[in-house]
Amino acid sequence: MKKALGILFCLFASASFSKDYVGRLKRIDDREIRNFSYECRIQTVSKEIKLRVSINPETRFMRTDLGEGIRVNGFASETIDDKTGTTHYFLQGGSAPYAQQLTLLIRNDGNWAQFKKTYGGNEFSCKGD
């Protein structure tokens, strides 16, 4: 019984300490024509965070600048949803305390995108037009 209560408390505590931050994703021009590149600014209580992400859909190489000197680059896994026309890219990188889970969703030849960064129970989400 004590173990079950402890698990419930941990689940409740972690849910109450996590935060969701939302920003606006904007497509930016990239020197590399094959890349889709985006920028997002998120205002938290104490600071503004600028996130940048780009992906080459042919190679699936994703470059991210997550602010505060943290970058995660690598080859993302790709999932294509033919029903919605959405391509999902997922990249996980780093080690504690910098472990990041990054998701980039793209539709309409890159004209619509959503980028999510999950870090330590916090989720930063940026949506485009």
# chains A, B, ... in the order shown; residues from 1 in each chain; ligands from 1
$ select_by_dssp --residues "chain A" --states "alpha helix (DSSP H)" --output "PyMOL selection string"
chain A and resi 2-17
$ closest_atom_pairs --of "region 66-121 of chain A" --to "region 31-36 of chain A" --cutoff "9 Å" --atoms "only C-alpha atoms" --output "CSV"
residue,atom,partner,partner_atom,distance
A:Ile106,CA,A:Phe36,CA,9.0
A:Asp109,CA,A:Phe36,CA,8.8
A:Gly110,CA,A:Phe36,CA,6.3
$ closest_residue --among "A:Gly85, A:Asn122, A:Phe115, A:Gln101" --to "Arg41 (chain A)" --atoms "only C-alpha atoms"
A:Phe115
$ atom_distance --atom1 "CA of Ala99 (chain A)" --atom2 "CA of Thr118 (chain A)"
8.9 Å
$ closest_residue --among "A:Thr87, A:Ser46, A:Asn73, A:Ser54" --to "Leu25 (chain A)" --atoms "only C-alpha atoms"
A:Ser54
$ residues_around --residues "Leu91 (chain A)" --least-positions-apart "6" --cutoff "7 Å" --atoms "only C-alpha atoms" --output "PyMOL selection string"
chain A and resi 76-77+101-103
$ closest_residue --among "A:Arg71, A:Gly128, A:Glu123, A:Asn56" --to "Tyr21 (chain A)" --atoms "only C-alpha atoms"
A:Glu123
$ select_by_dssp --residues "region 44-99 of chain A" --states "strand (DSSP E)" --output "VMD selection string"
chain A and resid 48 to 56 61 to 65 71 to 75 77 to 81 86 to 93
$ atom_distance --atom1 "CA of Asn111 (chain A)" --atom2 "CA of Leu66 (chain A)"
21.5 Å
$ residues_around --residues "Glu78 (chain A)" --least-positions-apart "3" --cutoff "8 Å" --atoms "only C-alpha atoms" --output "CSV table (one decimal) with N, CA, C and O atoms, in the first residue's frame"
chain,number,residue,atom,x,y,z
A,60,ARG,N,17.7,13.4,-43.8
A,60,ARG,CA,17.1,13.4,-42.5
A,60,ARG,C,18.1,13.9,-41.4
A,60,ARG,O,17.9,13.7,-40.2
A,87,THR,N,4.9,14.6,-42.2
A,87,THR,CA,6.1,13.8,-42.0
A,87,THR,C,6.6,14.2,-40.6
A,87,THR,O,6.7,15.3,-40.2
A,88,HIS,N,6.8,13.1,-39.8
A,88,HIS,CA,7.3,13.3,-38.4
A,88,HIS,C,8.8,13.0,-38.3
A,88,HIS,O,9.2,11.9,-38.8
A,89,TYR,N,9.6,13.9,-37.8
A,89,TYR,CA,11.0,13.6,-37.6
A,89,TYR,C,11.3,13.6,-36.1
A,89,TYR,O,10.8,14.5,-35.4
A,90,PHE,N,12.0,12.6,-35.6
A,90,PHE,CA,12.3,12.5,-34.2
A,90,PHE,C,13.8,12.4,-34.0
A,90,PHE,O,14.5,11.6,-34.7
$ decode --residues "region 22-36 of chain A" --atoms "all heavy atoms" --output "compact mmCIF listing (two decimals), in the first residue's frame"
# COMPACT_ATOMS: atom_id res chain seq x y z
N VAL A 22 4.61 27.63 -25.07
CA VAL A 22 4.18 27.66 -26.46
C VAL A 22 4.71 28.91 -27.13
O VAL A 22 4.69 29.99 -26.56
CB VAL A 22 2.63 27.63 -26.56
CG1 VAL A 22 2.18 27.69 -28.01
CG2 VAL A 22 2.09 26.38 -25.88
N GLY A 23 5.19 28.73 -28.37
CA GLY A 23 5.68 29.85 -29.16
C GLY A 23 5.22 29.72 -30.60
O GLY A 23 4.59 28.74 -30.99
N ARG A 24 5.56 30.70 -31.40
CA ARG A 24 5.17 30.74 -32.81
C ARG A 24 6.36 30.35 -33.66
O ARG A 24 7.43 30.91 -33.52
CB ARG A 24 4.74 32.17 -33.16
CG ARG A 24 3.97 32.25 -34.41
CD ARG A 24 2.48 32.22 -34.03
NE ARG A 24 1.70 32.36 -35.22
CZ ARG A 24 0.89 31.41 -35.66
NH1 ARG A 24 0.76 30.31 -35.00
NH2 ARG A 24 0.21 31.59 -36.75
N LEU A 25 6.17 29.39 -34.56
CA LEU A 25 7.22 28.91 -35.43
C LEU A 25 7.19 29.68 -36.74
O LEU A 25 6.13 29.86 -37.33
CB LEU A 25 7.03 27.41 -35.71
CG LEU A 25 8.20 26.68 -36.34
CD1 LEU A 25 9.39 26.66 -35.39
CD2 LEU A 25 7.80 25.25 -36.66
N LYS A 26 8.35 30.15 -37.18
CA LYS A 26 8.45 30.94 -38.40
C LYS A 26 9.47 30.30 -39.32
O LYS A 26 10.58 29.96 -38.89
CB LYS A 26 8.88 32.36 -38.02
CG LYS A 26 9.13 33.29 -39.17
CD LYS A 26 9.44 34.67 -38.66
CE LYS A 26 10.93 34.91 -38.77
NZ LYS A 26 11.32 36.28 -38.45
N ARG A 27 9.10 30.10 -40.57
CA ARG A 27 10.04 29.54 -41.55
C ARG A 27 11.03 30.62 -41.94
O ARG A 27 10.66 31.78 -42.16
CB ARG A 27 9.28 29.03 -42.77
CG ARG A 27 10.18 28.24 -43.69
CD ARG A 27 9.39 27.50 -44.73
NE ARG A 27 10.29 26.75 -45.58
CZ ARG A 27 9.90 26.04 -46.61
NH1 ARG A 27 8.62 25.96 -46.91
NH2 ARG A 27 10.77 25.39 -47.34
N ILE A 28 12.29 30.25 -42.01
CA ILE A 28 13.34 31.19 -42.39
C ILE A 28 14.09 30.66 -43.61
O ILE A 28 14.11 29.45 -43.87
CB ILE A 28 14.33 31.45 -41.22
CG1 ILE A 28 14.94 30.15 -40.71
CG2 ILE A 28 13.63 32.20 -40.09
CD1 ILE A 28 15.98 30.34 -39.63
N ASP A 29 14.68 31.57 -44.34
CA ASP A 29 15.48 31.17 -45.50
C ASP A 29 16.75 30.50 -45.02
O ASP A 29 17.35 30.90 -44.02
CB ASP A 29 15.84 32.40 -46.36
CG ASP A 29 14.63 32.95 -47.08
OD1 ASP A 29 13.73 32.16 -47.42
OD2 ASP A 29 14.59 34.17 -47.31
N ASP A 30 17.16 29.50 -45.76
CA ASP A 30 18.37 28.76 -45.42
C ASP A 30 19.29 28.78 -46.63
O ASP A 30 18.84 28.74 -47.76
CB ASP A 30 18.00 27.31 -45.07
CG ASP A 30 19.13 26.58 -44.37
OD1 ASP A 30 20.30 26.80 -44.73
OD2 ASP A 30 18.84 25.80 -43.47
N ARG A 31 20.57 28.85 -46.36
CA ARG A 31 21.55 28.86 -47.46
C ARG A 31 21.47 27.56 -48.26
O ARG A 31 21.72 27.56 -49.44
CB ARG A 31 22.96 29.04 -46.92
CG ARG A 31 23.21 30.47 -46.47
CD ARG A 31 24.55 30.57 -45.83
NE ARG A 31 24.23 30.54 -44.39
CZ ARG A 31 25.06 30.25 -43.45
NH1 ARG A 31 26.29 29.95 -43.71
NH2 ARG A 31 24.69 30.26 -42.19
N GLU A 32 21.15 26.48 -47.59
CA GLU A 32 21.04 25.19 -48.28
C GLU A 32 19.61 25.03 -48.76
O GLU A 32 18.68 24.93 -47.97
CB GLU A 32 21.42 24.06 -47.33
CG GLU A 32 22.87 24.12 -46.89
CD GLU A 32 23.23 22.94 -46.01
OE1 GLU A 32 22.84 21.81 -46.36
OE2 GLU A 32 23.89 23.17 -45.00
N ILE A 33 19.44 25.00 -50.06
CA ILE A 33 18.10 24.98 -50.66
C ILE A 33 17.29 23.77 -50.23
O ILE A 33 16.08 23.85 -50.07
CB ILE A 33 18.21 25.04 -52.20
CG1 ILE A 33 18.80 26.38 -52.60
CG2 ILE A 33 16.87 24.83 -52.86
CD1 ILE A 33 19.11 26.51 -54.06
N ARG A 34 17.93 22.64 -49.99
CA ARG A 34 17.19 21.42 -49.66
C ARG A 34 16.68 21.39 -48.22
O ARG A 34 15.95 20.49 -47.86
CB ARG A 34 18.07 20.21 -49.93
CG ARG A 34 18.38 20.06 -51.40
CD ARG A 34 19.18 18.80 -51.65
NE ARG A 34 19.44 18.70 -53.06
CZ ARG A 34 20.65 18.58 -53.58
NH1 ARG A 34 21.70 18.53 -52.80
NH2 ARG A 34 20.80 18.48 -54.88
N ASN A 35 17.10 22.31 -47.41
CA ASN A 35 16.71 22.30 -45.99
C ASN A 35 15.41 23.05 -45.76
O ASN A 35 15.11 24.02 -46.43
CB ASN A 35 17.79 22.95 -45.13
CG ASN A 35 18.98 22.05 -44.91
OD1 ASN A 35 19.01 20.93 -45.40
ND2 ASN A 35 19.94 22.54 -44.20
N PHE A 36 14.66 22.57 -44.76
CA PHE A 36 13.55 23.33 -44.20
C PHE A 36 14.08 23.89 -42.88
O PHE A 36 14.54 23.13 -42.03
CB PHE A 36 12.34 22.44 -43.93
CG PHE A 36 11.70 21.88 -45.16
CD1 PHE A 36 11.37 20.54 -45.23
CD2 PHE A 36 11.40 22.68 -46.25
CE1 PHE A 36 10.76 20.01 -46.35
CE2 PHE A 36 10.79 22.16 -47.38
CZ PHE A 36 10.47 20.81 -47.43
